[in-house]
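Enquirer: File final_24.csv follows (CSV, N, CA and C atoms):
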```csv
chain,number,residue,atom,x,y,z
A,1,MET,N,-17.2,9.6,-19.9
A,1,MET,CA,-16.5,8.4,-19.5
A,1,MET,C,-15.1,8.9,-19.0
A,2,SER,N,-14.6,8.3,-17.9
A,2,SER,CA,-13.3,8.6,-17.4
A,2,SER,C,-12.3,7.5,-17.6
A,3,GLN,N,-11.0,7.8,-17.7
A,3,GLN,CA,-10.0,6.8,-17.8
A,3,GLN,C,-9.4,6.5,-16.4
A,4,TYR,N,-9.1,5.3,-16.1
A,4,TYR,CA,-8.4,4.9,-14.9
A,4,TYR,C,-7.2,4.0,-15.3
A,5,ILE,N,-6.3,3.8,-14.4
A,5,ILE,CA,-5.2,2.9,-14.6
A,5,ILE,C,-4.9,2.2,-13.3
A,6,THR,N,-4.4,1.0,-13.3
A,6,THR,CA,-4.0,0.3,-12.1
A,6,THR,C,-2.7,0.9,-11.6
A,7,ARG,N,-2.7,1.3,-10.4
A,7,ARG,CA,-1.4,1.9,-9.9
A,7,ARG,C,-0.6,0.8,-9.2
A,8,LYS,N,-1.2,-0.3,-9.0
A,8,LYS,CA,-0.5,-1.5,-8.5
A,8,LYS,C,-1.3,-2.7,-8.9
A,9,ARG,N,-0.7,-3.9,-9.0
A,9,ARG,CA,-1.5,-5.1,-9.5
A,9,ARG,C,-2.7,-5.3,-8.7
A,10,PHE,N,-3.8,-5.5,-9.4
A,10,PHE,CA,-5.1,-5.8,-8.7
A,10,PHE,C,-5.4,-7.3,-9.0
A,11,LYS,N,-5.1,-8.1,-8.1
A,11,LYS,CA,-5.4,-9.6,-8.2
A,11,LYS,C,-6.3,-10.0,-7.1
A,12,GLY,N,-7.5,-10.3,-7.4
A,12,GLY,CA,-8.5,-10.7,-6.4
A,12,GLY,C,-9.9,-10.6,-7.0
A,13,LEU,N,-10.8,-10.6,-6.1
A,13,LEU,CA,-12.2,-10.6,-6.4
A,13,LEU,C,-12.8,-9.3,-6.8
A,14,ALA,N,-13.3,-9.2,-7.9
A,14,ALA,CA,-14.0,-7.9,-8.4
A,14,ALA,C,-15.5,-8.3,-8.5
A,15,ILE,N,-16.3,-7.3,-8.9
A,15,ILE,CA,-17.7,-7.5,-9.1
A,15,ILE,C,-17.9,-8.6,-10.1
A,16,CYS,N,-17.1,-8.6,-11.2
A,16,CYS,CA,-17.3,-9.5,-12.3
A,16,CYS,C,-16.6,-10.9,-12.0
A,17,GLY,N,-16.0,-11.1,-10.9
A,17,GLY,CA,-15.3,-12.3,-10.6
A,17,GLY,C,-13.8,-12.1,-10.3
A,18,GLU,N,-13.1,-13.2,-10.3
A,18,GLU,CA,-11.6,-13.1,-10.1
A,18,GLU,C,-10.9,-12.4,-11.3
A,19,VAL,N,-10.0,-11.5,-10.9
A,19,VAL,CA,-9.2,-10.8,-12.0
A,19,VAL,C,-7.8,-10.7,-11.6
A,20,ASN,N,-6.9,-10.5,-12.6
A,20,ASN,CA,-5.5,-10.3,-12.3
A,20,ASN,C,-5.1,-9.2,-13.3
A,21,LEU,N,-5.1,-8.0,-12.9
A,21,LEU,CA,-4.7,-6.9,-13.7
A,21,LEU,C,-3.4,-6.3,-13.3
A,22,PRO,N,-2.4,-6.4,-14.2
A,22,PRO,CA,-1.0,-5.9,-13.9
A,22,PRO,C,-1.0,-4.4,-13.7
A,23,TYR,N,0.1,-3.9,-13.1
A,23,TYR,CA,0.4,-2.5,-12.9
A,23,TYR,C,0.3,-1.9,-14.3
A,24,GLY,N,-0.4,-0.7,-14.4
A,24,GLY,CA,-0.5,0.0,-15.6
A,24,GLY,C,-1.6,-0.4,-16.6
A,25,THR,N,-2.5,-1.2,-16.1
A,25,THR,CA,-3.6,-1.7,-17.0
A,25,THR,C,-4.6,-0.5,-17.1
A,26,PRO,N,-4.9,-0.1,-18.3
A,26,PRO,CA,-6.0,0.9,-18.5
A,26,PRO,C,-7.4,0.4,-18.3
A,27,CYS,N,-8.2,1.2,-17.6
A,27,CYS,CA,-9.6,0.8,-17.4
A,27,CYS,C,-10.5,2.0,-17.7
A,28,GLU,N,-11.8,1.8,-17.6
A,28,GLU,CA,-12.7,2.9,-17.9
A,28,GLU,C,-13.6,3.1,-16.7
A,29,GLY,N,-13.9,4.4,-16.4
A,29,GLY,CA,-14.9,4.7,-15.4
A,29,GLY,C,-16.2,5.2,-16.1
A,30,LYS,N,-17.3,4.6,-15.8
A,30,LYS,CA,-18.6,4.9,-16.4
A,30,LYS,C,-19.6,4.9,-15.3
A,31,ASP,N,-20.4,5.9,-15.2
A,31,ASP,CA,-21.4,6.0,-14.1
A,31,ASP,C,-20.6,5.9,-12.8
A,32,THR,N,-20.9,5.0,-11.9
A,32,THR,CA,-20.3,4.9,-10.6
A,32,THR,C,-19.3,3.7,-10.5
A,33,TYR,N,-18.9,3.1,-11.7
A,33,TYR,CA,-18.1,1.9,-11.6
A,33,TYR,C,-16.8,2.1,-12.5
A,34,ILE,N,-15.8,1.3,-12.2
A,34,ILE,CA,-14.6,1.1,-13.0
A,34,ILE,C,-14.8,-0.2,-13.7
A,35,TYR,N,-14.5,-0.2,-15.0
A,35,TYR,CA,-14.7,-1.4,-15.9
A,35,TYR,C,-13.3,-1.8,-16.5
A,36,TYR,N,-13.2,-3.0,-16.8
A,36,TYR,CA,-12.1,-3.5,-17.6
A,36,TYR,C,-12.7,-4.4,-18.7
A,37,ASN,N,-12.5,-4.1,-19.9
A,37,ASN,CA,-13.0,-4.9,-21.1
A,37,ASN,C,-14.5,-5.1,-20.9
A,38,GLY,N,-15.2,-4.0,-20.5
A,38,GLY,CA,-16.7,-4.0,-20.4
A,38,GLY,C,-17.2,-4.7,-19.2
A,39,LYS,N,-16.4,-5.2,-18.3
A,39,LYS,CA,-16.8,-5.9,-17.1
A,39,LYS,C,-16.6,-5.0,-15.9
A,40,PRO,N,-17.6,-4.9,-15.0
A,40,PRO,CA,-17.4,-4.1,-13.8
A,40,PRO,C,-16.5,-4.7,-12.8
A,41,LEU,N,-15.5,-3.8,-12.3
A,41,LEU,CA,-14.6,-4.2,-11.3
A,41,LEU,C,-15.0,-3.8,-9.9
A,42,CYS,N,-15.3,-2.5,-9.8
A,42,CYS,CA,-15.6,-2.0,-8.5
A,42,CYS,C,-16.3,-0.6,-8.6
A,43,ARG,N,-16.9,-0.1,-7.5
A,43,ARG,CA,-17.4,1.2,-7.5
A,43,ARG,C,-16.2,2.2,-7.5
A,44,ARG,N,-16.4,3.3,-8.1
A,44,ARG,CA,-15.3,4.3,-8.2
A,44,ARG,C,-14.9,4.9,-6.8
A,45,THR,N,-15.8,4.8,-5.9
A,45,THR,CA,-15.5,5.3,-4.5
A,45,THR,C,-15.2,4.2,-3.5
A,46,SER,N,-15.0,3.0,-4.0
A,46,SER,CA,-14.8,1.9,-3.1
A,46,SER,C,-13.4,1.8,-2.6
A,47,GLN,N,-13.1,1.1,-1.5
A,47,GLN,CA,-11.8,0.9,-1.0
A,47,GLN,C,-10.9,0.2,-2.1
A,48,THR,N,-11.5,-0.7,-2.9
A,48,THR,CA,-10.7,-1.3,-3.9
A,48,THR,C,-10.2,-0.2,-4.9
A,49,ALA,N,-11.1,0.7,-5.3
A,49,ALA,CA,-10.7,1.8,-6.2
A,49,ALA,C,-9.6,2.6,-5.6
A,50,ILE,N,-9.7,2.9,-4.3
A,50,ILE,CA,-8.7,3.7,-3.6
A,50,ILE,C,-7.4,3.0,-3.5
A,51,ASP,N,-7.4,1.7,-3.3
A,51,ASP,CA,-6.2,0.9,-3.1
A,51,ASP,C,-5.5,0.6,-4.4
A,52,TYR,N,-6.2,0.5,-5.6
A,52,TYR,CA,-5.6,-0.1,-6.8
A,52,TYR,C,-5.6,0.8,-8.0
A,53,PHE,N,-6.5,1.8,-8.1
A,53,PHE,CA,-6.7,2.6,-9.3
A,53,PHE,C,-6.4,4.0,-9.1
A,54,SER,N,-6.0,4.7,-10.2
A,54,SER,CA,-5.9,6.1,-10.2
A,54,SER,C,-6.6,6.7,-11.5
A,55,ILE,N,-7.2,7.8,-11.3
A,55,ILE,CA,-7.8,8.4,-12.5
A,55,ILE,C,-6.7,8.8,-13.4
A,56,ASP,N,-7.0,8.7,-14.7
A,56,ASP,CA,-5.9,8.9,-15.7
A,56,ASP,C,-6.4,9.8,-16.9
A,57,ASP,N,-7.4,10.6,-16.6
A,57,ASP,CA,-8.0,11.5,-17.6
A,57,ASP,C,-6.9,12.5,-18.2
A,58,ASP,N,-5.9,12.8,-17.4
A,58,ASP,CA,-4.9,13.8,-17.8
A,58,ASP,C,-3.6,13.1,-18.2
A,59,GLY,N,-3.6,11.8,-18.3
A,59,GLY,CA,-2.4,11.1,-18.7
A,59,GLY,C,-1.4,10.9,-17.6
A,60,HIS,N,-1.7,11.3,-16.3
A,60,HIS,CA,-0.8,11.3,-15.2
A,60,HIS,C,-1.2,10.3,-14.1
A,61,GLY,N,-2.0,9.3,-14.5
A,61,GLY,CA,-2.5,8.3,-13.5
A,61,GLY,C,-1.4,7.6,-12.8
A,62,LEU,N,-0.4,7.1,-13.4
A,62,LEU,CA,0.6,6.4,-12.7
A,62,LEU,C,1.4,7.3,-11.8
A,63,GLU,N,1.7,8.5,-12.3
A,63,GLU,CA,2.4,9.5,-11.5
A,63,GLU,C,1.5,9.9,-10.3
A,64,ARG,N,0.2,10.1,-10.5
A,64,ARG,CA,-0.7,10.4,-9.4
A,64,ARG,C,-0.7,9.3,-8.4
A,65,GLY,N,-0.8,8.0,-8.8
A,65,GLY,CA,-0.8,6.9,-7.9
A,65,GLY,C,0.4,6.9,-7.0
A,66,LYS,N,1.6,7.1,-7.6
A,66,LYS,CA,2.9,7.1,-6.9
A,66,LYS,C,2.9,8.2,-5.9
A,67,LEU,N,2.4,9.4,-6.3
A,67,LEU,CA,2.4,10.5,-5.4
A,67,LEU,C,1.4,10.3,-4.2
A,68,VAL,N,0.2,9.8,-4.5
A,68,VAL,CA,-0.7,9.4,-3.4
A,68,VAL,C,-0.1,8.5,-2.4
A,69,GLU,N,0.6,7.4,-2.9
A,69,GLU,CA,1.2,6.4,-2.0
A,69,GLU,C,2.3,7.1,-1.2
A,70,THR,N,3.1,8.0,-1.8
A,70,THR,CA,4.2,8.7,-1.1
A,70,THR,C,3.7,9.5,0.0
A,71,ILE,N,2.6,10.3,-0.3
A,71,ILE,CA,2.0,11.1,0.7
A,71,ILE,C,1.5,10.3,1.9
A,72,MET,N,0.8,9.2,1.6
A,72,MET,CA,0.3,8.3,2.6
A,72,MET,C,1.4,7.8,3.4
A,73,ASP,N,2.5,7.3,2.8
A,73,ASP,CA,3.7,6.8,3.5
A,73,ASP,C,4.3,7.9,4.4
A,74,GLU,N,4.4,9.1,3.9
A,74,GLU,CA,5.0,10.2,4.7
A,74,GLU,C,4.2,10.5,5.9
A,75,LEU,N,2.9,10.3,5.8
A,75,LEU,CA,2.0,10.7,6.9
A,75,LEU,C,1.7,9.6,7.9
A,76,ARG,N,2.2,8.4,7.6
A,76,ARG,CA,1.9,7.2,8.5
A,76,ARG,C,2.5,7.4,9.9
A,77,GLN,N,1.8,6.9,10.9
A,77,GLN,CA,2.2,6.9,12.3
A,77,GLN,C,3.6,6.3,12.3
A,78,GLY,N,4.5,7.0,13.0
A,78,GLY,CA,5.9,6.5,13.1
A,78,GLY,C,6.9,7.0,12.1
A,79,SER,N,6.3,7.7,11.1
A,79,SER,CA,7.2,8.3,10.1
A,79,SER,C,8.0,9.5,10.7
A,80,ASN,N,9.1,9.8,10.1
A,80,ASN,CA,10.0,10.9,10.6
A,80,ASN,C,9.2,12.2,10.6
A,81,LYS,N,9.2,12.9,11.7
A,81,LYS,CA,8.5,14.2,11.8
A,81,LYS,C,7.0,14.1,11.6
A,82,HIS,N,6.4,13.0,12.0
A,82,HIS,CA,5.0,12.7,11.8
A,82,HIS,C,4.1,13.8,12.2
A,83,ASP,N,4.3,14.3,13.4
A,83,ASP,CA,3.4,15.4,14.0
A,83,ASP,C,3.5,16.7,13.2
A,84,GLU,N,4.7,17.1,12.9
A,84,GLU,CA,5.0,18.3,12.1
A,84,GLU,C,4.3,18.2,10.7
A,85,LYS,N,4.4,17.1,10.1
A,85,LYS,CA,3.8,16.9,8.8
A,85,LYS,C,2.3,17.0,8.8
A,86,TRP,N,1.7,16.4,9.8
A,86,TRP,CA,0.3,16.4,9.9
A,86,TRP,C,-0.2,17.8,10.3
A,87,GLU,N,0.6,18.5,11.1
A,87,GLU,CA,0.2,19.9,11.5
A,87,GLU,C,0.2,20.8,10.2
A,88,ALA,N,1.2,20.6,9.3
A,88,ALA,CA,1.2,21.4,8.1
A,88,ALA,C,0.0,21.1,7.2
A,89,VAL,N,-0.3,19.8,7.1
A,89,VAL,CA,-1.5,19.4,6.3
A,89,VAL,C,-2.8,20.0,6.9
A,90,GLN,N,-2.9,19.9,8.2
A,90,GLN,CA,-4.2,20.3,8.8
A,90,GLN,C,-4.4,21.8,8.8
A,91,GLN,N,-3.4,22.6,8.6
A,91,GLN,CA,-3.5,24.0,8.5
A,91,GLN,C,-3.6,24.5,7.1
A,92,ASP,N,-3.6,23.7,6.1
A,92,ASP,CA,-3.6,24.1,4.7
A,92,ASP,C,-5.0,24.1,4.1
A,93,PRO,N,-5.4,25.2,3.5
A,93,PRO,CA,-6.8,25.2,2.9
A,93,PRO,C,-7.0,24.3,1.7
A,94,ILE,N,-5.9,24.0,0.9
A,94,ILE,CA,-6.1,23.1,-0.2
A,94,ILE,C,-6.3,21.7,0.3
A,95,ALA,N,-5.5,21.3,1.3
A,95,ALA,CA,-5.7,19.9,1.9
A,95,ALA,C,-7.0,19.8,2.6
A,96,GLU,N,-7.5,20.9,3.2
A,96,GLU,CA,-8.8,20.8,3.8
A,96,GLU,C,-9.9,20.5,2.8
A,97,THR,N,-9.8,21.0,1.6
A,97,THR,CA,-10.8,20.6,0.6
A,97,THR,C,-10.8,19.2,0.2
A,98,LEU,N,-9.8,18.5,0.5
A,98,LEU,CA,-9.6,17.0,0.2
A,98,LEU,C,-9.9,16.1,1.4
A,99,ARG,N,-10.3,16.7,2.4
A,99,ARG,CA,-10.6,16.0,3.7
A,99,ARG,C,-12.1,15.6,3.7
A,100,ARG,N,-12.3,14.5,4.4
A,100,ARG,CA,-13.7,14.1,4.6
A,100,ARG,C,-14.3,15.0,5.7
A,101,GLN,N,-15.4,15.7,5.3
A,101,GLN,CA,-16.0,16.7,6.2
A,101,GLN,C,-16.8,16.0,7.3
A,102,ASP,N,-17.2,14.8,7.1
A,102,ASP,CA,-18.0,14.1,8.1
A,102,ASP,C,-17.2,13.6,9.3
A,103,HIS,N,-15.9,13.8,9.3
A,103,HIS,CA,-15.0,13.3,10.4
A,103,HIS,C,-14.2,14.5,10.9
A,104,GLN,N,-14.8,15.4,11.6
A,104,GLN,CA,-14.0,16.6,12.0
A,104,GLN,C,-13.1,16.4,13.2
A,105,ASP,N,-13.3,15.3,14.0
A,105,ASP,CA,-12.5,15.0,15.1
A,105,ASP,C,-11.2,14.3,14.8
A,106,PHE,N,-11.1,13.8,13.6
A,106,PHE,CA,-9.8,13.2,13.1
A,106,PHE,C,-9.8,13.3,11.6
A,107,TRP,N,-8.6,13.2,11.0
A,107,TRP,CA,-8.4,13.5,9.6
A,107,TRP,C,-8.6,12.2,8.8
A,108,LEU,N,-9.4,12.2,7.8
A,108,LEU,CA,-9.5,11.1,6.8
A,108,LEU,C,-9.6,11.8,5.4
A,109,TRP,N,-8.8,11.3,4.5
A,109,TRP,CA,-8.9,11.8,3.1
A,109,TRP,C,-10.2,11.4,2.5
A,110,SER,N,-10.8,12.3,1.8
A,110,SER,CA,-12.0,12.0,1.0
A,110,SER,C,-11.6,11.4,-0.3
A,111,TYR,N,-12.6,10.9,-1.0
A,111,TYR,CA,-12.4,10.4,-2.3
A,111,TYR,C,-11.7,11.4,-3.3
A,112,LYS,N,-12.0,12.7,-3.1
A,112,LYS,CA,-11.4,13.7,-3.9
A,112,LYS,C,-9.9,13.7,-3.8
A,113,PHE,N,-9.3,13.3,-2.7
A,113,PHE,CA,-7.9,13.3,-2.6
A,113,PHE,C,-7.3,12.3,-3.6
A,114,TYR,N,-7.9,11.2,-3.8
A,114,TYR,CA,-7.4,10.1,-4.7
A,114,TYR,C,-7.5,10.5,-6.2
A,115,GLU,N,-8.4,11.5,-6.4
A,115,GLU,CA,-8.5,12.0,-7.8
A,115,GLU,C,-8.1,13.4,-7.9
A,116,ALA,N,-7.4,13.9,-7.0
A,116,ALA,CA,-6.9,15.3,-7.0
A,116,ALA,C,-6.0,15.6,-8.2
A,117,SER,N,-6.0,16.9,-8.5
A,117,SER,CA,-5.1,17.3,-9.6
A,117,SER,C,-3.6,17.1,-9.1
A,118,MET,N,-2.8,17.0,-10.1
A,118,MET,CA,-1.3,16.9,-9.8
A,118,MET,C,-0.8,18.1,-9.1
A,119,ASP,N,-1.3,19.3,-9.4
A,119,ASP,CA,-0.9,20.5,-8.7
A,119,ASP,C,-1.3,20.4,-7.2
A,120,ASP,N,-2.5,20.0,-6.9
A,120,ASP,CA,-2.9,19.8,-5.5
A,120,ASP,C,-2.1,18.8,-4.8
A,121,LEU,N,-1.8,17.6,-5.4
A,121,LEU,CA,-1.0,16.6,-4.8
A,121,LEU,C,0.4,17.0,-4.6
A,122,ASN,N,1.0,17.7,-5.6
A,122,ASN,CA,2.3,18.2,-5.4
A,122,ASN,C,2.4,19.3,-4.3
A,123,HIS,N,1.4,20.1,-4.2
A,123,HIS,CA,1.3,21.1,-3.1
A,123,HIS,C,1.3,20.4,-1.7
A,124,ILE,N,0.5,19.3,-1.6
A,124,ILE,CA,0.5,18.6,-0.3
A,124,ILE,C,1.9,17.9,0.0
A,125,TYR,N,2.4,17.3,-1.1
A,125,TYR,CA,3.7,16.7,-0.9
A,125,TYR,C,4.8,17.8,-0.5
A,126,ASP,N,4.8,18.9,-1.1
A,126,ASP,CA,5.7,20.0,-0.7
A,126,ASP,C,5.5,20.4,0.8
A,127,LEU,N,4.2,20.5,1.2
A,127,LEU,CA,3.9,20.8,2.6
A,127,LEU,C,4.6,19.8,3.6
A,128,ILE,N,4.5,18.5,3.3
A,128,ILE,CA,5.0,17.6,4.2
A,128,ILE,C,6.5,17.4,4.1
A,129,LYS,N,7.0,17.7,3.0
A,129,LYS,CA,8.5,17.6,2.8
A,129,LYS,C,9.1,18.8,3.5
A,130,GLY,N,8.4,20.0,3.6
A,130,GLY,CA,8.9,21.2,4.2
A,130,GLY,C,8.8,21.2,5.7
A,131,ALA,N,8.0,20.2,6.2
A,131,ALA,CA,7.8,20.2,7.7
A,131,ALA,C,9.0,19.7,8.5
```
Is it possible to express this structure as structure tokens?
Expert:
Amino acid sequence: MSQYITRKRFKGLAICGEVNLPYGTPCEGKDTYIYYNGKPLCRRTSQTAIDYFSIDDDGHGLERGKLVETIMDELRQGSNKHDEKWEAVQQDPIAETLRRQDHQDFWLWSYKFYEASMDDLNHIYDLIKGA
């Protein structure tokens, strides 16, 4: 079983019905789902999981969530030095392991990115900050 935490409020429709989980709510990952109080919320690889939850097995779930959000903000179209940042990421072998391999014509983060180690996420952050 894995531990998850809400990295931002999840208020909306879950598999079990309407929920309102504040920032920092601990949840459990079992099989392919994330649960709260024994009720299924979403699949671990769903867009809902990507948008609201971070794995917290190492106790760094909230920090991981903030770092994922920061990396995504830094790489958004229109951000300062957008092209240079993406070039640094695209040339990096660690970042490549976190990329969806089924989309070679453009970059999409795989599910592994959202559950990456803090070392790997800090490495990517350092790449884009150095660009």
Enquirer: Closest to Gly130 in chain A among A:Val89, A:Leu98, A:Leu21, A:Ala116, using only C-alpha atoms?
Expert: A:Val89
Enquirer: I'd like the neighbourhood of range 22-38 of chain A as number ranges by chain, where a residue qualifies if any of its atoms comes within 9 Å (using only C-alpha atoms), though same-chain residues fewer than 4 positions away should be ignored.
Expert: A: 1-11, 42-45, 49, 52-53, 55-56, 61-62
Enquirer: Just the strand (DSSP E) stuff from chain A, please, per backbone DSSP, written as a ChimeraX atom specification.
Expert: /A:2-6,10-14,17-21,26-30,33-36,39-43,53-55
Enquirer: Pick out the residues sitting within 8 Å of Ser110 in chain A, and hand them over as a list of chain:residue names; count all atoms listed in the file, and ignore anything fewer than 4 positions along from it in its own chain.
Expert: A:Thr97, A:Leu98, A:Arg99, A:Arg100, A:Gln101, A:Tyr114, A:Glu115
Enquirer: Once you have the residues from the selection above, write them out as a PDB file, in the frame of the given file, restricted to N, CA and C atoms.
Expert:
```pdb
ATOM      1  N   THR A  97      -9.800  21.000   1.600  1.00  0.00           N
ATOM      2  CA  THR A  97     -10.800  20.600   0.600  1.00  0.00           C
ATOM      3  C   THR A  97     -10.800  19.200   0.200  1.00  0.00           C
ATOM      4  N   LEU A  98      -9.800  18.500   0.500  1.00  0.00           N
ATOM      5  CA  LEU A  98      -9.600  17.000   0.200  1.00  0.00           C
ATOM      6  C   LEU A  98      -9.900  16.100   1.400  1.00  0.00           C
ATOM      7  N   ARG A  99     -10.300  16.700   2.400  1.00  0.00           N
ATOM      8  CA  ARG A  99     -10.600  16.000   3.700  1.00  0.00           C
ATOM      9  C   ARG A  99     -12.100  15.600   3.700  1.00  0.00           C
ATOM     10  N   ARG A 100     -12.300  14.500   4.400  1.00  0.00           N
ATOM     11  CA  ARG A 100     -13.700  14.100   4.600  1.00  0.00           C
ATOM     12  C   ARG A 100     -14.300  15.000   5.700  1.00  0.00           C
ATOM     13  N   GLN A 101     -15.400  15.700   5.300  1.00  0.00           N
ATOM     14  CA  GLN A 101     -16.000  16.700   6.200  1.00  0.00           C
ATOM     15  C   GLN A 101     -16.800  16.000   7.300  1.00  0.00           C
ATOM     16  N   TYR A 114      -7.900  11.200  -3.800  1.00  0.00           N
ATOM     17  CA  TYR A 114      -7.400  10.100  -4.700  1.00  0.00           C
ATOM     18  C   TYR A 114      -7.500  10.500  -6.200  1.00  0.00           C
ATOM     19  N   GLU A 115      -8.400  11.500  -6.400  1.00  0.00           N
ATOM     20  CA  GLU A 115      -8.500  12.000  -7.800  1.00  0.00           C
ATOM     21  C   GLU A 115      -8.100  13.400  -7.900  1.00  0.00           C
TER      22      GLU A 115
END
```
Enquirer: So, with all atoms listed in the file as the atoms that count, which of A:Leu121, A:Leu108, A:Leu127, A:Leu67 lies closest to Glu87 in chain A?
Expert: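 Closest to Glu87 in chain A of all the choices is A:Leu127.
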